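With compact mmCIF, C-alpha atoms inside, this is input.txt:
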# COMPACT_ATOMS: atom_id res chain seq x y z
CA MET A 33 9.52 8.98 -7.90
CA ASN A 34 8.76 11.71 -10.37
CA PRO A 35 4.97 11.59 -10.77
CA ASN A 36 5.24 13.77 -13.87
CA VAL A 37 3.31 11.22 -15.90
CA PRO A 38 -0.45 11.38 -16.49
CA ILE A 39 -2.34 8.88 -14.32
CA ARG A 40 -3.69 6.03 -16.40
CA GLY A 41 -4.67 2.38 -16.19
CA PRO A 42 -2.35 -0.61 -16.27
CA ILE A 43 0.38 -0.40 -18.88
CA PRO A 44 -0.27 -2.74 -21.84
CA ILE A 45 2.72 -5.06 -21.38
CA ARG A 46 3.89 -6.55 -24.69
CA HIS A 47 7.35 -7.96 -23.93
CA CYS A 48 9.08 -9.92 -21.17
CA ASN A 49 11.21 -7.56 -19.10
CA ILE A 50 13.72 -10.34 -18.38
CA CYS A 51 14.38 -11.88 -21.83
CA GLY A 52 12.61 -9.46 -24.21
CA SER A 53 10.39 -12.06 -25.91
CA PRO A 54 6.68 -11.34 -26.57
CA VAL A 55 4.27 -12.07 -23.73
CA VAL A 56 0.87 -13.72 -23.85
CA HIS A 57 -1.91 -12.60 -21.53
CA ARG A 58 -3.29 -15.72 -19.84
CA VAL A 59 -4.22 -17.13 -16.44
CA PRO A 60 -1.15 -18.99 -15.10
CA ASP A 61 -1.60 -22.43 -13.47
CA GLY A 62 -2.82 -22.01 -9.90
CA ASP A 63 -3.78 -18.38 -10.45
CA ASN A 64 -7.22 -16.88 -11.15
CA ALA A 65 -6.52 -13.72 -13.15
CA PRO A 66 -4.81 -13.10 -16.49
CA ARG A 67 -1.16 -12.05 -16.29
CA ALA A 68 1.53 -11.11 -18.80
CA VAL A 69 3.40 -14.41 -19.20
CA CYS A 70 6.55 -14.70 -21.31
CA SER A 71 6.13 -16.97 -24.34
CA ALA A 72 9.80 -18.00 -24.11
CA CYS A 73 10.98 -18.05 -20.48
CA ASP A 74 7.60 -18.21 -18.63
CA HIS A 75 8.45 -15.19 -16.44
CA ILE A 76 5.27 -13.55 -15.12
CA GLN A 77 4.98 -9.74 -14.86
CA TYR A 78 2.49 -8.88 -12.11
CA GLN A 79 0.92 -5.44 -11.92
CA ASN A 80 -0.29 -4.30 -8.50
CA PRO A 81 -1.70 -1.14 -6.91
CA LYS A 82 0.73 1.65 -6.12
CA LEU A 83 1.00 3.24 -2.71
CA ILE A 84 1.09 7.03 -2.34
CA VAL A 85 2.46 8.11 1.05
CA GLY A 86 2.18 11.60 2.49
CA SER A 87 1.63 13.70 5.57
CA VAL A 88 -0.27 16.51 7.27
CA PRO A 89 2.71 18.56 8.53
CA VAL A 90 1.48 20.64 11.47
CA TRP A 91 2.94 23.84 12.95
CA GLU A 92 0.82 25.25 15.81
CA ASP A 93 -2.67 25.75 14.29
CA ARG A 94 -1.48 25.57 10.68
CA VAL A 95 -0.75 22.83 8.12
CA LEU A 96 1.74 22.85 5.26
CA LEU A 97 0.31 22.82 1.72
CA CYS A 98 2.13 22.68 -1.63
CA ARG A 99 0.94 24.08 -4.96
CA ARG A 100 1.72 21.57 -7.68
CA ALA A 101 4.23 22.46 -10.42
CA ILE A 102 3.55 19.20 -12.26
CA GLU A 103 0.73 17.26 -13.87
CA PRO A 104 -1.73 15.91 -12.94
CA ARG A 105 -3.46 18.88 -11.27
CA HIS A 106 -0.81 21.49 -12.12
CA GLY A 107 -1.48 24.64 -10.07
CA LYS A 108 -3.71 22.89 -7.51
CA TRP A 109 -2.90 22.56 -3.80
CA THR A 110 -1.95 19.32 -2.07
CA LEU A 111 -0.40 17.85 1.03
CA PRO A 112 3.16 16.63 0.45
CA ALA A 113 2.82 13.06 -0.87
CA GLY A 114 4.15 10.80 -3.59
CA PHE A 115 4.79 7.23 -4.71
CA MET A 116 6.37 5.04 -2.05
CA GLU A 117 9.74 3.64 -3.14
CA ASN A 118 11.14 0.13 -2.72
CA GLU A 119 13.24 -0.45 0.41
CA GLU A 120 11.72 2.36 2.48
CA THR A 121 9.01 2.37 5.13
CA ALA A 122 5.78 4.28 4.57
CA ALA A 123 6.83 6.83 7.22
CA GLU A 124 10.26 7.26 5.60
CA GLY A 125 8.53 7.80 2.26
CA ALA A 126 6.23 10.45 3.74
CA ALA A 127 9.24 12.28 5.24
CA ARG A 128 11.15 12.03 1.94
CA GLU A 129 8.21 13.51 0.03
CA ALA A 130 7.94 16.45 2.48
CA MET A 131 11.64 17.13 1.82
CA GLU A 132 11.37 16.73 -1.98
CA GLU A 133 8.23 18.83 -2.43
CA ALA A 134 8.69 21.45 0.28
CA ASN A 135 12.27 21.17 1.60
CA ALA A 136 10.50 20.50 4.89
CA ARG A 137 11.75 18.45 7.81
CA ILE A 138 8.97 16.54 9.55
CA GLU A 139 8.59 14.00 12.33
CA VAL A 140 5.98 11.44 11.32
CA GLU A 141 3.56 10.74 14.17
CA GLN A 142 0.56 8.48 13.48
CA LEU A 143 -1.14 6.79 10.55
CA TYR A 144 -4.15 8.96 9.90
CA THR A 145 -6.04 8.25 6.65
CA PHE A 146 -6.07 5.33 4.21
CA PHE A 147 -7.93 5.61 0.89
CA SER A 148 -8.28 2.99 -1.83
CA VAL A 149 -8.77 4.50 -5.30
CA PRO A 150 -9.58 1.32 -7.23
CA HIS A 151 -10.32 2.84 -10.64
CA ILE A 152 -6.71 4.05 -10.86
CA SER A 153 -5.25 1.16 -8.79
CA GLN A 154 -3.81 3.44 -6.13
CA VAL A 155 -3.84 3.54 -2.33
CA TYR A 156 -3.24 6.81 -0.44
CA VAL A 157 -1.77 6.63 3.07
CA MET A 158 -1.46 9.89 5.00
CA PHE A 159 0.25 10.40 8.36
CA ARG A 160 -0.07 13.17 10.91
CA ALA A 161 3.32 14.81 11.33
CA ARG A 162 5.10 17.57 13.22
CA LEU A 163 6.82 20.22 11.09
CA LEU A 164 10.22 20.62 12.80
CA ASP A 165 11.14 24.16 11.70
CA LEU A 166 10.00 27.00 9.45
CA ASP A 167 12.87 26.67 6.99
CA PHE A 168 10.79 25.28 4.12
CA SER A 169 10.59 26.32 0.45
CA PRO A 170 9.23 24.98 -2.85
CA GLY A 171 11.01 21.90 -4.22
CA PRO A 172 11.17 21.31 -8.00
CA GLU A 173 7.66 19.79 -8.04
CA SER A 174 6.04 22.77 -6.23
CA LEU A 175 5.22 26.29 -7.37
CA GLU A 176 4.56 27.54 -3.85
CA VAL A 177 4.53 26.17 -0.29
CA LYS A 178 2.74 27.71 2.68
CA LEU A 179 1.28 27.16 6.14
CA VAL A 180 -2.48 27.67 6.31
CA ARG A 181 -5.08 27.85 9.08
CA GLU A 182 -8.39 26.05 8.59
CA ASP A 183 -10.12 29.17 7.23
CA GLU A 184 -7.27 29.70 4.77
CA VAL A 185 -7.41 26.23 3.11
CA PRO A 186 -8.18 26.67 -0.63
CA TRP A 187 -10.96 24.05 -0.46
CA ASP A 188 -12.01 24.53 -4.10
CA GLU A 189 -8.45 24.38 -5.36
CA LEU A 190 -7.29 21.09 -3.80
CA ALA A 191 -5.68 18.57 -6.15
CA PHE A 192 -7.10 15.25 -4.89
CA THR A 193 -10.14 13.89 -3.04
CA SER A 194 -7.92 12.06 -0.55
CA VAL A 195 -6.21 15.37 0.31
CA ARG A 196 -9.53 17.19 0.77
CA ARG A 197 -10.99 14.46 2.97
CA THR A 198 -7.80 14.16 5.04
CA LEU A 199 -7.85 17.91 5.74
CA GLN A 200 -11.58 17.83 6.58
CA HIS A 201 -11.01 14.98 9.06
CA PHE A 202 -7.95 16.70 10.50
CA PHE A 203 -9.64 19.99 11.35
CA ALA A 204 -12.83 18.27 12.61
CA ASP A 205 -10.81 15.91 14.82
CA ARG A 206 -8.69 18.76 16.16
CA ARG A 207 -11.84 20.62 17.22
CA ALA A 208 -13.16 17.41 18.83
CA GLY A 209 -9.87 16.91 20.66
CA ALA A 210 -9.06 13.42 19.37
CA PHE A 211 -7.58 12.15 16.11
CA LEU A 212 -9.21 8.99 14.77
CA PRO A 213 -7.60 7.04 11.93
CA ARG A 214 -9.97 6.67 8.97
CA PHE A 215 -10.16 4.28 6.05
CA ASP A 216 -12.38 4.81 3.06
CA ASP A 217 -12.58 4.51 -0.73
CA VAL A 218 -12.54 7.15 -3.46
CA ARG A 219 -14.87 6.34 -6.37
CA PRO A 220 -15.28 7.84 -9.87
CA PRO A 221 -15.52 10.60 -10.92
CA GLU A 222 -13.41 11.60 -7.93
CA ARG A 223 -9.77 10.71 -7.67
CA MET B 298 -2.38 -13.38 -7.04
CA ASN B 299 -0.71 -16.72 -6.48
CA PRO B 300 2.09 -16.00 -3.97
CA ASN B 301 3.71 -19.34 -4.79
CA VAL B 302 7.01 -17.62 -5.56
CA PRO B 303 9.83 -17.22 -3.03
CA ILE B 304 10.03 -13.67 -1.67
CA ARG B 305 13.03 -11.84 -3.06
CA GLY B 306 14.29 -8.39 -3.89
CA PRO B 307 13.49 -6.34 -6.96
CA ILE B 308 13.57 -8.26 -10.23
CA PRO B 309 16.64 -7.41 -12.36
CA ILE B 310 14.87 -5.84 -15.33
CA ARG B 311 16.82 -6.28 -18.56
CA HIS B 312 14.31 -5.48 -21.32
CA CYS B 313 11.62 -2.90 -22.03
CA ASN B 314 8.20 -4.46 -21.44
CA ILE B 315 6.65 -2.27 -24.16
CA CYS B 316 9.08 -2.63 -27.12
CA GLY B 317 11.43 -5.43 -25.96
CA SER B 318 14.67 -3.46 -26.41
CA PRO B 319 17.42 -3.58 -23.74
CA VAL B 320 17.08 -1.15 -20.82
CA VAL B 321 19.75 0.95 -19.16
CA HIS B 322 19.63 1.64 -15.42
CA ARG B 323 19.98 5.39 -14.96
CA VAL B 324 18.41 8.35 -13.16
CA PRO B 325 15.84 9.90 -15.53
CA ASP B 326 15.69 13.68 -15.91
CA GLY B 327 13.80 15.21 -13.00
CA ASP B 328 14.04 12.03 -10.93
CA ASN B 329 16.46 11.16 -8.12
CA ALA B 330 16.78 7.37 -8.24
CA PRO B 331 17.98 4.96 -10.94
CA ARG B 332 15.22 3.36 -13.02
CA ALA B 333 15.08 0.81 -15.84
CA VAL B 334 14.87 3.10 -18.90
CA CYS B 335 14.40 1.73 -22.40
CA SER B 336 17.36 2.42 -24.69
CA ALA B 337 15.03 2.63 -27.71
CA CYS B 338 11.63 4.06 -26.72
CA ASP B 339 12.54 5.75 -23.36
CA HIS B 340 9.73 3.93 -21.49
CA ILE B 341 10.50 3.80 -17.75
CA GLN B 342 9.67 0.67 -15.70
CA TYR B 343 9.13 1.70 -12.08
CA GLN B 344 9.25 -0.85 -9.27
CA ASN B 345 7.30 -0.05 -6.13
CA PRO B 346 6.37 -1.75 -2.85
CA LYS B 347 3.63 -4.35 -2.96
CA LEU B 348 0.61 -4.26 -0.67
CA ILE B 349 -0.53 -7.38 1.15
CA VAL B 350 -4.12 -7.08 2.40
CA GLY B 351 -5.73 -9.39 4.93
CA SER B 352 -8.07 -9.71 7.86
CA VAL B 353 -8.68 -10.97 11.38
CA PRO B 354 -11.99 -12.81 10.80
CA VAL B 355 -13.77 -13.03 14.16
CA TRP B 356 -16.49 -15.46 15.31
CA GLU B 357 -17.48 -14.93 18.96
CA ASP B 358 -14.22 -15.30 20.95
CA ARG B 359 -12.32 -17.00 18.13
CA VAL B 360 -10.35 -15.96 15.03
CA LEU B 361 -9.89 -17.80 11.75
CA LEU B 362 -6.38 -19.07 10.94
CA CYS B 363 -5.10 -20.83 7.82
CA ARG B 364 -2.21 -23.31 7.60
CA ARG B 365 -0.19 -22.53 4.48
CA ALA B 366 -0.06 -25.07 1.64
CA ILE B 367 2.44 -22.91 -0.29
CA GLU B 368 5.87 -21.36 0.07
CA PRO B 369 7.09 -19.24 1.73
CA ARG B 370 6.37 -20.69 5.18
CA HIS B 371 4.69 -23.89 4.00
CA GLY B 372 2.95 -25.56 6.95
CA LYS B 373 2.93 -22.42 9.14
CA TRP B 374 -0.23 -20.63 10.30
CA THR B 375 -1.39 -17.25 9.05
CA LEU B 376 -4.34 -14.91 8.87
CA PRO B 377 -5.99 -14.89 5.41
CA ALA B 378 -4.01 -12.32 3.37
CA GLY B 379 -2.41 -11.87 -0.02
CA PHE B 380 -1.26 -9.43 -2.67
CA MET B 381 -3.75 -6.67 -3.43
CA GLU B 382 -4.85 -6.67 -7.08
CA ASN B 383 -5.32 -3.75 -9.46
CA GLU B 384 -8.83 -2.27 -9.62
CA GLU B 385 -9.95 -3.45 -6.19
CA THR B 386 -10.11 -1.69 -2.83
CA ALA B 387 -8.02 -2.90 0.09
CA ALA B 388 -11.17 -4.12 1.85
CA GLU B 389 -12.32 -5.96 -1.30
CA GLY B 390 -8.88 -7.57 -1.52
CA ALA B 391 -9.04 -8.70 2.11
CA ALA B 392 -12.47 -10.26 1.52
CA ARG B 393 -11.26 -11.94 -1.69
CA GLU B 394 -8.29 -13.47 0.12
CA ALA B 395 -10.54 -14.84 2.91
CA MET B 396 -12.59 -16.52 0.20
CA GLU B 397 -9.58 -17.84 -1.75
CA GLU B 398 -7.66 -19.17 1.24
CA ALA B 399 -10.51 -20.33 3.49
CA ASN B 400 -13.74 -20.27 1.44
CA ALA B 401 -14.83 -17.82 4.13
CA ARG B 402 -17.34 -14.99 3.83
CA ILE B 403 -16.37 -11.95 5.88
CA GLU B 404 -17.59 -8.42 6.45
CA VAL B 405 -14.61 -6.09 6.68
CA GLU B 406 -14.94 -3.66 9.59
CA GLN B 407 -11.99 -1.38 10.41
CA LEU B 408 -8.40 -0.86 9.35
CA TYR B 409 -6.43 -2.40 12.19
CA THR B 410 -2.68 -2.84 11.56
CA PHE B 411 -0.27 -1.42 8.99
CA PHE B 412 3.31 -2.75 8.76
CA SER B 413 6.07 -1.63 6.42
CA VAL B 414 8.59 -4.39 5.66
CA PRO B 415 11.21 -2.34 3.82
CA HIS B 416 13.85 -5.04 3.28
CA ILE B 417 11.40 -6.96 1.09
CA SER B 418 9.56 -3.84 -0.19
CA GLN B 419 6.18 -4.93 1.15
CA VAL B 420 3.42 -3.30 3.19
CA TYR B 421 0.95 -5.40 5.20
CA VAL B 422 -2.52 -3.99 5.85
CA MET B 423 -4.83 -6.01 8.10
CA PHE B 424 -8.49 -5.30 8.82
CA ARG B 425 -10.73 -6.47 11.63
CA ALA B 426 -13.60 -8.44 10.12
CA ARG B 427 -16.71 -10.36 11.05
CA LEU B 428 -16.89 -13.97 9.89
CA LEU B 429 -20.41 -14.29 8.49
CA ASP B 430 -20.99 -18.05 8.86
CA LEU B 431 -19.21 -21.27 9.80
CA ASP B 432 -19.22 -22.72 6.28
CA PHE B 433 -15.47 -22.36 5.69
CA SER B 434 -12.91 -24.88 4.41
CA PRO B 435 -9.35 -24.91 3.07
CA GLY B 436 -8.83 -23.24 -0.29
CA PRO B 437 -6.08 -24.49 -2.66
CA GLU B 438 -3.43 -22.41 -0.81
CA SER B 439 -4.33 -23.82 2.63
CA LEU B 440 -3.73 -27.23 4.24
CA GLU B 441 -6.14 -26.57 7.10
CA VAL B 442 -8.40 -23.76 8.34
CA LYS B 443 -9.73 -23.37 11.87
CA LEU B 444 -11.17 -21.03 14.48
CA VAL B 445 -8.95 -20.58 17.54
CA ARG B 446 -9.31 -18.93 20.95
CA GLU B 447 -6.40 -16.86 22.29
CA ASP B 448 -4.96 -19.81 24.24
CA GLU B 449 -5.15 -22.00 21.13
CA VAL B 450 -3.10 -19.72 18.81
CA PRO B 451 0.03 -21.62 17.64
CA TRP B 452 2.28 -18.67 18.57
CA ASP B 453 5.51 -20.50 17.67
CA GLU B 454 4.12 -21.70 14.36
CA LEU B 455 2.94 -18.41 12.83
CA ALA B 456 4.16 -17.62 9.31
CA PHE B 457 4.90 -13.88 9.50
CA THR B 458 5.81 -11.22 12.07
CA SER B 459 2.95 -8.98 10.93
CA VAL B 460 0.50 -11.82 11.61
CA ARG B 461 1.94 -12.48 15.08
CA ARG B 462 1.87 -8.80 16.06
CA THR B 463 -1.64 -8.31 14.66
CA LEU B 464 -2.93 -11.24 16.76
CA GLN B 465 -1.09 -9.97 19.88
CA HIS B 466 -2.65 -6.51 19.45
CA PHE B 467 -6.06 -8.00 18.75
CA PHE B 468 -6.30 -10.12 21.91
CA ALA B 469 -4.76 -7.38 24.10
CA ASP B 470 -7.17 -4.77 22.72
CA ARG B 471 -10.13 -7.09 23.16
CA ARG B 472 -9.26 -7.56 26.84
CA ALA B 473 -8.87 -3.77 27.17
CA GLY B 474 -12.25 -3.22 25.51
CA ALA B 475 -11.08 -0.93 22.68
CA PHE B 476 -9.40 -1.63 19.34
CA LEU B 477 -6.66 0.85 18.41
CA PRO B 478 -5.23 0.91 14.89
CA ARG B 479 -1.45 0.41 14.92
CA PHE B 480 1.29 1.22 12.45
CA ASP B 481 4.80 -0.11 12.75
CA ASP B 482 7.75 -1.52 10.80
CA VAL B 483 9.14 -5.04 10.55
CA ARG B 484 12.94 -5.17 10.38
CA PRO B 485 15.43 -7.96 9.55
CA PRO B 486 15.79 -10.74 10.43
CA GLU B 487 12.00 -10.73 10.88
CA ARG B 488 9.65 -10.64 7.96

Output the structure of this file as structure tokens.
Amino acid sequence: MNPNVPIRGPIPIRHCNICGSPVVHRVPDGDNAPRAVCSACDHIQYQNPKLIVGSVPVWEDRVLLCRRAIEPRHGKWTLPAGFMENEETAAEGAAREAMEEANARIEVEQLYTFFSVPHISQVYVMFRARLLDLDFSPGPESLEVKLVREDEVPWDELAFTSVRRTLQHFFADRRAGAFLPRFDDVRPPER
Amino acid sequence: MNPNVPIRGPIPIRHCNICGSPVVHRVPDGDNAPRAVCSACDHIQYQNPKLIVGSVPVWEDRVLLCRRAIEPRHGKWTLPAGFMENEETAAEGAAREAMEEANARIEVEQLYTFFSVPHISQVYVMFRARLLDLDFSPGPESLEVKLVREDEVPWDELAFTSVRRTLQHFFADRRAGAFLPRFDDVRPPER
């Protein structure tokens, strides 16, 4: 998915996406939260959190970072990641994003970090991964792609909290000799 | 969210949910997959995988199971779980579902299992949790709720593959003395 759209709250649904009639926002029978319910055909449009899947692609003592060519956070550095698509697994989505953003082939290894970002209704899932070769280059959503050692990470120029924390955990765990999956939340004003 | 709707593939979107005009299904500029694009206002309706969040609520050597009062899998046993809602964390969603399905208070501990189910565009995320008291009872979506030891689990009457595998991992890890987070996929015909 092209994430070239500013992050914002739930879209204010006004019409049924099946029959086109106006919706009303009410709590359906048997439910406990207001939903967009069609005034004509009763179809309910649910809105749920979106999953962002990505990876820490590793080559020897370095990890692959991408400098964003798109909003939000144009010009900032990130790990390859993006919205998970229907009909793919999370690992397939992480590999697809590495290819789209960095023309990079990776082998996904283990689930590594899991962050809920409730104020923007997103969940970030990052995997450890093996970069399979050095034939990478910027995809259309990246200005620049490079392998960095720990002391070369642009810590003050990272795009997202989940990326910063994932990299912090990664380098700390590598020094400790064991990678521990982590789950945590990201709260305002961070995102 | 009330999951009282048969599981099925993506909804065939026919109208813009902002202005009500007909949509066309085409690949937007800068994207690489067909989307439902409004023919009048250009609004794009993305469809993405849904997250199901749940828990293994533990009391001494027993875990809390719920017998489903709703489709799919009416009458089968499950761990408390359901669709994650906007503006909550995954752990908050897991606790909410334990309350809705079993009137059970839990303290979420660690991320435990993560399953992609690509053929139905779902991701299951299950946490280990501590059941805080024995004052539980069936919620409106459950016929029956009970604590079971390993040898009392109705293995042939479980509702979902992700629930069966989570329980298998849980009891094996408990015998081994260490809980290891797992990620895996569920493929057809399982779900």

Between A:Ala161, A:Leu143, A:Leu175, A:Val195, which is the closest to B:Leu477 once you count only C-alpha atoms?
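Going through A:Ala161, A:Leu143, A:Leu175, A:Val195 one by one, the smallest distance to B:Leu477 is for A:Leu143.
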
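As for atom CA of B:Glu449 and atom CA of B:Leu362, they are spaced 10.7 Å apart.
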
Got a sec to pull out which chain B residues are within 8 Å of chain A, counting only C-alpha atoms, and send them as a PyMOL selection string?
chain B and resi 298-299+309-319+327-330+344-348+380-387+407-408+413-418+478-480+482

Interatomic distance between atom CA of A:Glu176 and atom CA of A:Pro104?
16.0 Å

To one decimal place in Å, what is the distance between atom CA of B:Arg370 and atom CA of B:Ala399?
17.0 Å

Could you name the residues that touch B:Glu454 at 9 Å or less, counting all atoms listed in the file, but leaving out those on the same chain fewer than 3 positions away, as a PyMOL selection string?
chain B and resi 372-375+450-451

Using all atoms of stretch 451-470 of chain B listed in the file and a margin of 8 Å per side, can you give the axis-aligned box centre and edge lengths in Å to one decimal, as lines of an AutoDock Vina configuration file?
center_x = -0.7
center_y = -13.2
center_z = 16.7
size_x = 29.0
size_y = 32.9
size_z = 30.8

Can I get C-alpha atoms for stretch 383-467 of chain B, as a short mmCIF file (atom, residue, chain, number, x, y, z; two decimals), in the first residue's frame?
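That gives us decode-v3.cif:
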data_model
loop_
_atom_site.label_atom_id
_atom_site.label_comp_id
_atom_site.auth_asym_id
_atom_site.auth_seq_id
_atom_site.Cartn_x
_atom_site.Cartn_y
_atom_site.Cartn_z
CA ASN B 383 -9.64 1.40 17.01
CA GLU B 384 -8.01 3.52 19.74
CA GLU B 385 -7.11 0.63 22.04
CA THR B 386 -3.87 -1.29 22.54
CA ALA B 387 -3.68 -5.00 21.77
CA ALA B 388 -3.41 -5.77 25.49
CA GLU B 389 -6.42 -3.56 26.27
CA GLY B 390 -8.36 -5.38 23.54
CA ALA B 391 -7.44 -8.78 24.99
CA ALA B 392 -8.61 -7.67 28.46
CA ARG B 393 -11.84 -6.23 27.00
CA GLU B 394 -12.61 -9.50 25.22
CA ALA B 395 -12.05 -11.52 28.44
CA MET B 396 -14.59 -9.24 30.11
CA GLU B 397 -17.10 -9.37 27.23
CA GLU B 398 -16.96 -13.12 26.67
CA ALA B 399 -16.42 -14.38 30.22
CA ASN B 400 -16.98 -11.44 32.62
CA ALA B 401 -13.38 -12.17 33.59
CA ARG B 402 -10.80 -9.74 34.95
CA ILE B 403 -7.30 -10.47 33.69
CA GLU B 404 -3.85 -8.94 33.89
CA VAL B 405 -2.15 -9.26 30.52
CA GLU B 406 1.44 -10.46 30.86
CA GLN B 407 3.41 -11.26 27.69
CA LEU B 408 2.83 -11.54 23.96
CA TYR B 409 2.72 -15.28 23.39
CA THR B 410 1.53 -16.37 19.91
CA PHE B 411 1.11 -14.58 16.60
CA PHE B 412 -0.62 -16.33 13.66
CA SER B 413 -1.23 -14.98 10.17
CA VAL B 414 -4.30 -16.52 8.50
CA PRO B 415 -3.84 -15.12 4.99
CA HIS B 416 -6.76 -16.85 3.24
CA ILE B 417 -9.19 -14.97 5.49
CA SER B 418 -6.95 -11.86 5.89
CA GLN B 419 -6.74 -12.15 9.67
CA VAL B 420 -3.95 -12.06 12.24
CA TYR B 421 -4.38 -13.67 15.68
CA VAL B 422 -2.39 -12.27 18.59
CA MET B 423 -2.64 -14.11 21.92
CA PHE B 424 -1.19 -12.99 25.25
CA ARG B 425 -0.45 -14.94 28.40
CA ALA B 426 -2.52 -13.47 31.22
CA ARG B 427 -3.26 -13.88 34.90
CA LEU B 428 -6.90 -14.43 35.85
CA LEU B 429 -7.42 -12.08 38.80
CA ASP B 430 -10.34 -13.79 40.56
CA LEU B 431 -12.83 -16.63 40.15
CA ASP B 432 -15.86 -14.38 39.67
CA PHE B 433 -16.35 -15.17 35.96
CA SER B 434 -19.49 -16.19 34.05
CA PRO B 435 -20.67 -16.46 30.44
CA GLY B 436 -21.04 -13.18 28.57
CA PRO B 437 -23.67 -12.84 25.80
CA GLU B 438 -21.31 -14.46 23.24
CA SER B 439 -20.63 -17.54 25.40
CA LEU B 440 -22.78 -20.57 26.31
CA GLU B 441 -20.44 -21.69 29.07
CA VAL B 442 -17.13 -20.63 30.62
CA LYS B 443 -14.81 -22.85 32.66
CA LEU B 444 -11.30 -23.41 33.96
CA VAL B 445 -9.64 -26.56 32.61
CA ARG B 446 -6.45 -28.50 33.35
CA GLU B 447 -4.39 -29.80 30.42
CA ASP B 448 -6.09 -33.22 30.50
CA GLU B 449 -9.52 -31.55 30.51
CA VAL B 450 -9.04 -29.46 27.34
CA PRO B 451 -11.66 -30.51 24.74
CA TRP B 452 -8.98 -30.85 22.03
CA ASP B 453 -11.42 -32.13 19.39
CA GLU B 454 -13.95 -29.43 20.15
CA LEU B 455 -11.78 -26.30 19.82
CA ALA B 456 -13.07 -23.55 17.53
CA PHE B 457 -9.90 -22.36 15.77
CA THR B 458 -6.44 -23.65 14.82
CA SER B 459 -4.75 -20.67 16.45
CA VAL B 460 -6.49 -21.52 19.74
CA ARG B 461 -5.46 -25.19 19.54
CA ARG B 462 -1.83 -24.37 18.75
CA THR B 463 -1.67 -21.68 21.44
CA LEU B 464 -2.91 -24.17 24.07
CA GLN B 465 -0.48 -26.87 22.83
CA HIS B 466 2.45 -24.43 23.10
CA PHE B 467 1.27 -23.20 26.48
#
